[in-house]
$ cat protein-v2.cif   # mmCIF, C-alpha atoms
data_final
loop_
_atom_site.label_atom_id
_atom_site.label_comp_id
_atom_site.auth_asym_id
_atom_site.auth_seq_id
_atom_site.Cartn_x
_atom_site.Cartn_y
_atom_site.Cartn_z
CA MET A 22 44.81 -7.08 49.08
CA ASP A 23 45.32 -3.35 48.69
CA VAL A 24 48.30 -1.05 48.55
CA TYR A 25 48.42 1.21 51.61
CA GLU A 26 50.61 4.29 51.66
CA VAL A 27 52.45 4.78 54.96
CA PHE A 28 53.07 8.10 56.70
CA ARG A 29 55.30 8.56 59.72
CA ARG A 30 55.73 11.38 62.20
CA SER A 31 59.10 11.46 63.92
CA GLY A 32 58.27 13.83 66.78
CA HIS A 33 55.83 16.56 67.62
CA LYS A 34 57.67 19.29 65.74
CA ASP A 35 57.52 17.70 62.30
CA PRO A 36 54.51 16.83 60.18
CA PHE A 37 53.65 13.30 59.07
CA GLU A 38 55.78 12.37 56.09
CA HIS A 39 55.25 9.70 53.47
CA CYS A 40 57.77 6.90 54.05
CA GLY A 41 56.67 4.06 51.74
CA SER A 42 53.93 1.56 51.14
CA VAL A 43 52.80 -1.92 52.14
CA ILE A 44 50.27 -4.43 50.85
CA ALA A 45 47.61 -5.65 53.23
CA SER A 46 44.10 -7.00 53.40
CA ASP A 47 42.85 -4.31 55.79
CA SER A 48 44.02 -1.20 57.63
CA GLU A 49 44.79 -3.06 60.85
CA MET A 50 47.13 -5.45 59.05
CA ALA A 51 48.58 -2.54 57.06
CA LEU A 52 49.50 -0.80 60.33
CA LEU A 53 51.16 -3.95 61.61
CA MET A 54 53.17 -4.35 58.38
CA ALA A 55 54.08 -0.68 58.40
CA LYS A 56 55.35 -0.91 61.96
CA GLU A 57 57.58 -3.90 61.03
CA CYS A 58 58.87 -2.18 57.88
CA PHE A 59 59.26 1.43 59.00
CA LEU A 60 59.55 1.56 62.80
CA ARG A 61 62.09 -1.10 63.69
CA ARG A 62 64.48 1.42 65.28
CA ARG A 63 62.22 4.09 66.75
CA GLU A 64 62.44 6.09 63.51
CA GLY A 65 59.18 7.72 64.49
CA GLN A 66 56.49 8.03 67.08
CA HIS A 67 53.36 7.56 65.07
CA LEU A 68 52.10 5.99 61.85
CA TRP A 69 49.22 6.55 59.47
CA VAL A 70 48.19 4.23 56.68
CA ALA A 71 45.79 5.14 53.90
CA ARG A 72 44.56 3.05 51.01
CA ARG A 73 46.34 4.28 47.89
CA THR A 74 43.03 4.53 46.02
CA ASP A 75 41.75 6.92 48.72
CA ILE A 76 44.54 9.39 48.03
CA HIS A 77 43.80 12.02 45.43
CA SER A 78 46.34 13.94 43.43
CA PHE A 79 46.61 15.89 40.21
CA LYS A 80 46.52 13.65 37.16
CA ASP A 81 48.14 16.40 35.14
CA GLU A 82 51.20 17.79 36.87
CA SER A 83 51.27 20.84 34.65
CA LEU A 84 48.28 22.07 36.68
CA LEU A 85 50.70 22.47 39.58
CA GLU A 86 52.61 25.18 37.74
CA ILE A 87 51.96 28.70 38.90
CA ALA A 88 49.98 30.17 36.05
CA ALA A 89 51.07 33.80 35.99
CA ASP A 90 53.93 35.90 37.33
CA LYS A 91 53.47 35.74 41.09
CA SER A 92 57.01 36.70 41.98
CA TYR A 93 55.61 39.02 44.68
CA ARG A 94 54.94 35.87 46.72
CA PHE A 95 58.68 35.22 47.11
CA PRO A 96 61.32 36.96 49.20
CA GLU A 97 63.55 37.46 46.14
CA ALA A 98 61.03 40.02 44.90
CA TYR A 99 62.00 42.33 47.78
CA ARG A 100 65.80 42.17 47.45
CA ASP A 101 66.00 45.81 46.29
CA VAL A 102 64.92 46.85 49.80
CA VAL A 103 68.62 47.59 50.47
CA ALA A 104 68.80 50.16 47.67
CA LYS A 105 65.44 51.54 48.68
CA ARG A 106 66.59 51.96 52.29
CA GLU A 107 69.60 53.97 51.13
CA LYS A 108 67.34 56.12 49.04
CA ALA A 109 64.98 56.61 51.98
CA ARG A 110 67.83 57.68 54.24
CA ALA A 111 69.05 60.18 51.67
CA ARG A 112 65.54 61.50 51.34
CA ALA A 113 65.24 61.79 55.14
CA ARG A 114 68.41 63.84 55.27
CA GLU A 115 67.00 66.06 52.55
CA VAL A 116 63.64 66.69 54.23
CA GLY A 117 65.29 66.82 57.69
CA ALA A 118 67.55 69.63 56.53
CA ALA A 119 64.56 71.46 55.15
CA ALA A 120 62.57 70.93 58.38
CA GLY A 121 65.54 72.15 60.43
CA GLU A 122 65.67 75.31 58.39
CA SER A 123 61.99 76.12 58.91
CA ASN A 124 62.29 75.44 62.68
CA ARG A 125 65.02 77.93 63.13
CA MET B 26 52.31 13.07 21.00
CA THR B 27 54.10 10.35 19.02
CA TYR B 28 56.16 7.67 20.74
CA GLU B 29 59.33 9.16 19.25
CA ALA B 30 58.49 12.60 20.64
CA LYS B 31 57.80 11.14 24.09
CA LEU B 32 61.03 9.17 23.95
CA GLY B 33 62.99 12.27 22.98
CA GLY B 34 61.45 14.22 25.86
CA PHE B 35 62.26 11.42 28.27
CA ALA B 36 65.87 11.18 27.06
CA ASP B 37 66.29 14.96 27.50
CA HIS B 38 64.76 14.81 30.97
CA ILE B 39 67.22 12.05 32.00
CA ALA B 40 70.19 13.77 30.35
CA GLN B 41 69.45 16.89 32.40
CA GLY B 42 69.49 14.87 35.62
CA GLY B 43 65.70 14.56 35.83
CA LYS B 44 64.08 11.88 37.98
CA VAL B 45 61.30 9.44 37.14
CA GLU B 46 58.29 8.52 39.33
CA ALA B 47 56.27 5.31 39.05
CA GLU B 48 53.26 7.06 37.51
CA ASP B 49 55.31 8.99 34.91
CA TRP B 50 55.48 7.92 31.29
CA MET B 51 58.65 5.90 30.62
CA PRO B 52 59.94 3.91 27.64
CA ASP B 53 59.29 0.17 27.85
CA ASP B 54 62.98 -0.72 27.98
CA TYR B 55 63.45 1.70 30.90
CA ARG B 56 60.56 0.10 32.78
CA ARG B 57 61.80 -3.43 32.04
CA GLY B 58 65.40 -2.57 32.90
CA VAL B 59 64.58 -0.87 36.21
CA LEU B 60 62.15 -3.62 37.17
CA LYS B 61 64.70 -6.36 36.47
CA PHE B 62 67.41 -4.48 38.37
CA ILE B 63 65.29 -3.82 41.48
CA GLU B 64 63.87 -7.35 41.38
CA MET B 65 67.42 -8.72 41.35
CA HIS B 66 68.30 -6.49 44.30
CA ALA B 67 65.20 -7.67 46.21
CA ASN B 68 65.97 -11.32 45.39
CA SER B 69 69.51 -10.83 46.69
CA GLU B 70 68.31 -9.39 49.98
CA ILE B 71 65.96 -12.27 50.64
CA MET B 72 68.42 -14.94 49.43
CA GLY B 73 71.17 -13.21 51.40
CA ALA B 74 69.24 -13.97 54.56
CA LEU B 75 69.81 -17.72 54.01
CA PRO B 76 73.60 -18.07 54.40
CA GLU B 77 73.52 -15.91 57.53
CA ARG B 78 70.57 -17.89 58.83
CA GLU B 79 72.75 -21.00 58.51
CA CYS B 80 75.32 -19.22 60.70
CA LEU B 81 72.91 -18.50 63.56
CA PRO B 82 73.65 -21.76 65.45
CA MET B 83 77.40 -20.98 65.22
CA ALA B 84 77.08 -17.75 67.22
CA PRO B 85 79.57 -17.79 70.10
CA THR B 86 77.31 -15.92 72.54
CA LEU B 87 73.61 -15.22 72.97
CA ARG B 88 74.17 -11.53 72.26
CA ARG B 89 75.93 -12.32 68.96
CA LYS B 90 73.06 -14.64 68.06
CA MET B 91 70.47 -11.94 68.76
CA SER B 92 72.34 -9.26 66.83
CA LEU B 93 72.79 -11.56 63.83
CA ALA B 94 69.09 -12.46 63.93
CA ALA B 95 68.24 -8.74 63.94
CA LYS B 96 70.51 -8.18 60.97
CA ILE B 97 68.82 -11.02 59.06
CA GLN B 98 65.46 -9.43 59.84
CA ASP B 99 66.75 -6.16 58.36
CA GLU B 100 67.80 -7.94 55.15
CA VAL B 101 64.36 -9.52 54.77
CA GLY B 102 62.87 -6.08 55.48
CA HIS B 103 64.96 -4.62 52.64
CA ALA B 104 63.52 -7.26 50.32
CA GLN B 105 59.99 -6.23 51.38
CA LEU B 106 60.70 -2.57 50.58
CA LEU B 107 62.31 -3.41 47.24
CA TYR B 108 59.63 -5.86 46.10
CA ARG B 109 57.05 -3.16 46.89
CA VAL B 110 58.89 -0.66 44.64
CA ALA B 111 59.25 -3.30 41.90
CA GLU B 112 55.54 -4.21 42.09
CA ASP B 113 54.59 -0.64 41.22
CA LEU B 114 56.44 -1.14 37.90
CA GLY B 115 53.94 -3.81 36.93
CA LYS B 116 55.00 -7.27 38.13
CA SER B 117 53.23 -8.91 41.06
CA ARG B 118 55.14 -10.11 44.10
CA ASP B 119 53.86 -13.61 43.53
CA ALA B 120 55.23 -13.60 39.96
CA MET B 121 58.61 -12.36 41.24
CA TYR B 122 58.66 -15.07 43.92
CA GLN B 123 57.71 -17.77 41.44
CA ASP B 124 60.50 -16.65 39.10
CA LEU B 125 62.98 -16.64 41.97
CA VAL B 126 62.21 -20.06 43.43
CA ASN B 127 62.04 -21.62 39.97
CA GLY B 128 65.45 -20.24 38.99
CA ARG B 129 64.13 -17.90 36.29
CA SER B 130 65.49 -14.70 37.88
CA LYS B 131 68.85 -13.88 39.42
CA PHE B 132 70.34 -13.06 42.80
CA HIS B 133 73.84 -11.90 43.70
CA ASN B 134 76.71 -14.35 43.23
CA VAL B 135 77.92 -14.21 46.85
CA PHE B 136 74.75 -15.91 48.08
CA HIS B 137 75.46 -19.00 45.96
CA TYR B 138 78.35 -20.05 48.25
CA PRO B 139 78.46 -22.21 51.39
CA VAL B 140 79.27 -21.05 54.92
CA PHE B 141 81.42 -23.09 57.29
CA HIS B 142 82.12 -21.18 60.50
CA TRP B 143 81.90 -17.87 62.37
CA GLY B 144 84.72 -16.43 60.23
CA ASP B 145 82.23 -16.41 57.35
CA VAL B 146 79.96 -14.11 59.37
CA ALA B 147 82.84 -11.66 59.75
CA ILE B 148 83.54 -11.65 56.01
CA ILE B 149 79.88 -11.39 55.04
CA GLY B 150 79.19 -8.63 57.56
CA TRP B 151 82.28 -6.58 56.88
CA LEU B 152 83.60 -7.12 53.35
CA ILE B 153 80.47 -8.29 51.52
CA ASP B 154 78.25 -5.72 53.19
CA GLY B 155 81.04 -3.20 52.57
CA ALA B 156 81.03 -4.08 48.87
CA ALA B 157 77.23 -3.88 48.79
CA LEU B 158 77.29 -0.50 50.47
CA VAL B 159 79.72 0.89 47.86
CA THR B 160 77.37 -0.22 45.08
CA GLN B 161 74.17 0.88 46.85
CA ALA B 162 75.49 4.29 47.84
CA ALA B 163 76.28 4.86 44.15
CA LEU B 164 72.60 4.21 43.38
CA LEU B 165 71.29 6.90 45.75
CA ASP B 166 71.34 9.29 42.79
CA SER B 167 69.62 6.86 40.41
CA SER B 168 67.12 8.32 37.95
CA TYR B 169 64.31 6.12 39.30
CA ALA B 170 63.19 8.14 42.33
CA PRO B 171 61.09 5.53 44.24
CA TYR B 172 64.17 3.28 44.28
CA THR B 173 66.39 6.03 45.72
CA ARG B 174 63.90 6.68 48.52
CA VAL B 175 64.02 3.09 49.78
CA LEU B 176 67.78 2.95 49.21
CA LYS B 177 68.21 5.81 51.64
CA ARG B 178 66.75 3.68 54.38
CA ILE B 179 68.55 0.52 53.21
CA CYS B 180 71.94 2.28 53.18
CA SER B 181 71.49 3.63 56.69
CA GLU B 182 70.77 0.10 57.95
CA GLU B 183 73.67 -1.29 55.93
CA GLN B 184 75.96 1.18 57.70
CA LEU B 185 74.97 -0.46 60.95
CA HIS B 186 75.54 -3.93 59.48
CA LEU B 187 78.99 -2.86 58.39
CA ARG B 188 79.77 -1.74 61.94
CA HIS B 189 78.39 -5.07 63.19
CA GLY B 190 80.60 -7.01 60.75
CA GLU B 191 83.65 -4.92 61.60
CA HIS B 192 83.03 -5.56 65.29
CA ILE B 193 83.05 -9.33 64.72
CA THR B 194 86.14 -9.05 62.47
CA MET B 195 88.08 -7.08 65.08
CA GLU B 196 87.18 -9.61 67.75
CA LEU B 197 88.55 -12.45 65.63
CA ALA B 198 91.58 -10.44 64.50
CA SER B 199 92.50 -9.49 68.06
CA GLY B 200 91.89 -13.02 69.39
CA THR B 201 93.69 -16.35 69.49
CA GLN B 202 95.55 -17.91 66.56
CA ALA B 203 92.54 -20.18 65.99
CA GLN B 204 90.26 -17.13 65.70
CA ARG B 205 92.64 -15.39 63.30
CA ASP B 206 92.87 -18.58 61.23
CA MET B 207 89.07 -18.60 60.92
CA PHE B 208 89.10 -15.13 59.43
CA GLN B 209 91.97 -15.93 57.04
CA ASP B 210 90.29 -19.15 55.92
CA ALA B 211 87.04 -17.32 55.19
CA LEU B 212 88.93 -14.54 53.37
CA ASN B 213 90.69 -17.13 51.19
CA ARG B 214 87.36 -18.60 50.10
CA TRP B 215 85.42 -15.33 49.73
CA TRP B 216 87.93 -13.01 48.05
CA LEU B 217 87.30 -14.11 44.45
CA PRO B 218 83.49 -14.07 44.86
CA ILE B 219 83.76 -10.56 46.36
CA ILE B 220 85.73 -9.39 43.29
CA HIS B 221 83.09 -11.05 41.06
CA PHE B 222 80.37 -9.22 43.02
CA PHE B 223 81.12 -6.00 41.12
CA GLY B 224 80.79 -7.77 37.76
CA PRO B 225 83.02 -7.60 34.70
CA LYS B 226 84.02 -4.30 33.10
CA SER B 227 80.92 -2.29 32.10
CA ASN B 228 80.12 -1.93 28.43
CA VAL B 229 79.23 1.76 28.57
CA ALA B 230 77.99 1.91 24.99
CA LYS B 231 75.62 -1.04 25.43
CA ASP B 232 74.52 -0.70 29.04
CA LEU B 233 70.98 0.74 28.96
CA LEU B 234 70.90 1.19 32.74
CA LEU B 235 73.96 3.44 32.58
CA ARG B 236 72.55 5.37 29.64
CA TRP B 237 69.25 5.97 31.46
CA LYS B 238 71.20 6.85 34.63
CA VAL B 239 69.52 4.09 36.62
CA LYS B 240 73.11 3.17 37.48
CA THR B 241 75.45 6.10 37.84
CA ARG B 242 78.88 4.45 37.88
CA THR B 243 80.64 1.61 36.06
CA ASN B 244 81.41 -1.77 37.64
CA GLU B 245 85.16 -1.20 37.47
CA ASP B 246 84.85 2.21 39.10
CA LEU B 247 82.91 0.73 42.04
CA ARG B 248 85.34 -2.17 42.40
CA GLN B 249 88.23 0.30 42.52
CA GLU B 250 86.57 2.30 45.27
CA PHE B 251 86.04 -0.89 47.26
CA LEU B 252 89.67 -2.02 46.83
CA ASP B 253 91.10 1.36 47.82
CA ARG B 254 88.90 1.48 50.88
CA TYR B 255 89.18 -2.09 52.19
CA VAL B 256 92.50 -3.59 51.05
CA PRO B 257 94.57 -1.43 53.43
CA LYS B 258 92.18 -2.22 56.31
CA VAL B 259 92.64 -5.97 55.81
CA LEU B 260 96.41 -5.71 55.41
CA GLU B 261 96.87 -3.65 58.58
CA LEU B 262 95.25 -6.51 60.51
CA GLY B 263 98.02 -8.80 59.22
CA PHE B 264 95.90 -10.92 56.87
CA SER B 265 96.84 -11.76 53.29
CA PHE B 266 94.92 -11.98 50.04
CA PRO B 267 94.67 -15.03 47.80
CA THR B 268 94.55 -14.67 43.98
CA PRO B 269 93.69 -12.15 42.61
CA VAL B 270 96.21 -10.41 44.87
CA PRO B 271 95.83 -6.61 44.93
CA THR B 272 99.03 -4.66 44.37
CA ARG B 273 99.72 -1.04 45.16
CA ALA B 274 100.24 1.21 42.15
CA GLU B 275 102.41 4.32 42.20
CA SER B 276 99.21 6.35 42.20
CA GLY B 277 98.44 4.81 45.59
CA GLN B 278 95.53 2.79 44.18
CA TRP B 279 95.13 -0.90 44.93
CA LEU B 280 94.93 -2.71 41.60
CA ILE B 281 93.88 -6.17 40.54
CA LYS B 282 94.98 -7.45 37.14
CA ASP B 283 92.11 -8.54 34.91
CA GLU B 284 94.04 -11.63 33.80
CA ASP B 285 94.27 -12.72 37.47
CA ILE B 286 90.50 -12.97 37.75
CA ASP B 287 89.04 -16.37 36.95
CA TRP B 288 85.51 -15.63 35.71
CA ASP B 289 84.42 -19.28 35.33
CA PRO B 290 82.79 -19.54 38.78
CA LEU B 291 80.71 -16.42 38.06
CA ASP B 292 79.64 -17.79 34.69
CA ALA B 293 78.55 -21.01 36.40
CA ILE B 294 76.48 -19.01 38.88
CA LYS B 295 74.83 -17.12 36.02
CA ARG B 296 73.69 -20.54 34.75
CA ASN B 297 72.38 -21.25 38.27
CA GLU B 298 75.15 -23.79 38.77
CA GLY B 299 76.85 -22.25 41.81
CA PRO B 300 78.02 -24.48 44.69
CA GLU B 301 74.89 -23.82 46.78
CA THR B 302 72.42 -22.52 44.18
CA GLU B 303 70.19 -25.58 44.11
CA ARG B 304 70.11 -26.09 47.88
CA ARG B 305 69.36 -22.43 48.66
CA LEU B 306 66.63 -22.22 46.03
CA THR B 307 65.13 -25.43 47.42
CA THR B 308 65.17 -23.93 50.92
CA ARG B 309 63.48 -20.76 49.64
CA ARG B 310 60.91 -22.84 47.72
CA ASP B 311 60.16 -24.96 50.82
CA ILE B 312 59.73 -21.84 52.96
CA TYR B 313 57.45 -20.37 50.30
CA GLN B 314 55.29 -23.51 50.27
CA GLY B 315 55.36 -23.93 54.02
CA HIS B 316 54.24 -20.35 54.60
CA ARG B 317 51.40 -20.46 52.13
CA TRP B 318 48.84 -20.65 54.96
CA VAL B 319 50.30 -17.47 56.50
CA ARG B 320 49.87 -15.59 53.22
CA GLU B 321 46.33 -16.90 52.91
CA VAL B 322 45.42 -15.80 56.43
CA LEU B 323 46.95 -12.37 55.83
CA ALA B 324 45.04 -11.99 52.57
CA GLU B 325 41.70 -12.34 54.35
CA PRO B 326 40.32 -9.10 55.79
CA ALA B 327 39.96 -9.43 59.56
CA VAL B 328 36.61 -10.72 60.76
CA HIS B 329 35.78 -9.16 64.11
CA ALA B 330 33.46 -10.89 66.52
CA ALA B 331 30.39 -8.81 67.25
#
$ encode --input "protein-v2.cif" --output "structure tokens"
Amino acid sequence: MDVYEVFRRSGHKDPFEHCGSVIASDSEMALLMAKECFLRRREGQHLWVARRTDIHSFKDESLLEIAADKSYRFPEAYRDVVAKREKARARAREVGAAAGESNR
Amino acid sequence: MTYEAKLGGFADHIAQGGKVEAEDWMPDDYRRGVLKFIEMHANSEIMGALPERECLPMAPTLRRKMSLAAKIQDEVGHAQLLYRVAEDLGKSRDAMYQDLVNGRSKFHNVFHYPVFHWGDVAIIGWLIDGAALVTQAALLDSSYAPYTRVLKRICSEEQLHLRHGEHITMELASGTQAQRDMFQDALNRWWLPIIHFFGPKSNVAKDLLLRWKVKTRTNEDLRQEFLDRYVPKVLELGFSFPTPVPTRAESGQWLIKDEDIDWDPLDAIKRNEGPETERRLTTRRDIYQGHRWVREVLAEPAVHAA
């Protein structure tokens, strides 16, 4: 008997999500168990099962940390766009005035 | 890292509201405590199926029979989910089953009592499931994360069971005198066990599960929430409570005096000497033996004909 992890997809717009595990002798039986445990009320449209030992993950969770400052990957890094926009407008007025003068 | 250093790190993690996964390091008493707690919950779900199973032949209509059967299936399903979470903490399902059927582990007090008629189904479905839902909802924020994930599903199904129980209660309460008498009779028998269900006052200093935030609220706090929520609902239907009678405090809370609670029946149940303990455990043991062949068939990988 093996532990099988169970994944369920509720519709076509969402990805498969882990929803629990069952114990079974093979994948066919695992699917049957998973259906009885996790799909009694149409909670989803499709199921996957995978033997727990076939799933790989990081043994050391600290490896999941982002090593260096990569704040530029996040929207918060661009919050000062508001101040910059103001500055850009002021600058436009400045160069616009100058351009207007030379056109005259 | 020394054990003390690991323990200190774990305690800090918990104190800051951190969660624990099955594969994380945890102190032995945390592992043992969580395992015992979830095992007891699983045992209660599967033992809880038995009294309601005894009620199936009493169903007044085919539809009621089918809906009760579906509810029993849900309860057994909850046990499956919970045993699976408990197994990952290091005890096999077979060991948990052996301990259950041989009386070495516990299940909730309310499942040690007999059922007599359809009024019992109303009480079990409405007030006992209502009490269970108060306690389970409080566990949704438990520090042991795998437990909270299955509880999310369990609580959503329990909500439905509560509606189911309320539906049956309202039918009896709005019916003939004989129907109303059934509900009152069941309430008279079940009220004390329901109060026991929450347990005696928590010992906050000694309770490891509270300290490790496996449980998030004290027994008396949960009991109070239950009383404030359900006592007015029962009274507005014109039923009355036996001892311990709840009384309304000036604060608006519904209080029960500690000296009005007779704890002897609960102590007997803890010694496995409840009114139905032996018979229910025998039933569970017989089912376990009788279904051995099913487990053996399921344990064999399928052999497909060529």
$ resolve_selection --input "protein-v2.cif" --expression "the PyMOL selection byres ((chain A) within 8 of (chain B))" --output "VMD selection string"
chain A and resid 22 41 to 47 50 57 to 58
$ resolve_selection --input "protein-v2.cif" --expression "the PyMOL selection byres ((chain B and resi 176) around 12)" --output "ChimeraX atom specification"
/A:40-41 /B:63,66-67,103-104,106-107,110,157-158,160-167,169-175,177-184
$ residues_near_point --input "protein-v2.cif" --point "(78.4, -22.6, 41.2)" --cutoff "12 Å" --atoms "all atoms listed in the file" --output "PyMOL selection string"
chain B and resi 133-139+218+288-305
$ resolve_selection --input "protein-v2.cif" --expression "the PyMOL selection byres ((chain B and resi 76) around 12)" --output "ChimeraX atom specification"
/B:69-75,77-83,93-94,97,100,135-143,145-146,148-150,301-302,304-306,308-309
$ atom_distance --input "protein-v2.cif" --atom1 "CA of Asp54 in chain B" --atom2 "CA of Leu233 in chain B"
8.2 Å
$ atom_distance --input "protein-v2.cif" --atom1 "CA of Asn127 in chain B" --atom2 "CA of Arg310 in chain B"
7.9 Å
$ axis_aligned_box --input "protein-v2.cif" --around "range 32-42 of chain B" --padding-each-side "3 Å" --output "AutoDock Vina command-line options"
--center_x 65.6 --center_y 13.0 --center_z 29.3 --size_x 15.2 --size_y 13.7 --size_z 18.6
$ residues_around --input "protein-v2.cif" --residues "Phe251 in chain B" --least-positions-apart "6" --cutoff "10 Å" --atoms "only C-alpha atoms" --output "MDAnalysis selection string"
chainID B and resid 152 155:160 219:220 223 245 279
$ write_last_selection --input "protein-v2.cif" --atoms "C-alpha atoms" --output "compact mmCIF listing (two decimals), in the frame of the given file"
# COMPACT_ATOMS: atom_id res chain seq x y z
CA LEU B 152 83.60 -7.12 53.35
CA GLY B 155 81.04 -3.20 52.57
CA ALA B 156 81.03 -4.08 48.87
CA ALA B 157 77.23 -3.88 48.79
CA LEU B 158 77.29 -0.50 50.47
CA VAL B 159 79.72 0.89 47.86
CA THR B 160 77.37 -0.22 45.08
CA ILE B 219 83.76 -10.56 46.36
CA ILE B 220 85.73 -9.39 43.29
CA PHE B 223 81.12 -6.00 41.12
CA GLU B 245 85.16 -1.20 37.47
CA TRP B 279 95.13 -0.90 44.93
$ atom_distance --input "protein-v2.cif" --atom1 "CA of Thr268 in chain B" --atom2 "CA of Leu217 in chain B"
7.3 Å
$ residues_around --input "protein-v2.cif" --residues "range 35-40 of chain B" --least-positions-apart "4" --cutoff "8 Å" --atoms "all atoms listed in the file" --output "ChimeraX atom specification"
/B:31,44,51-52,168,237-238
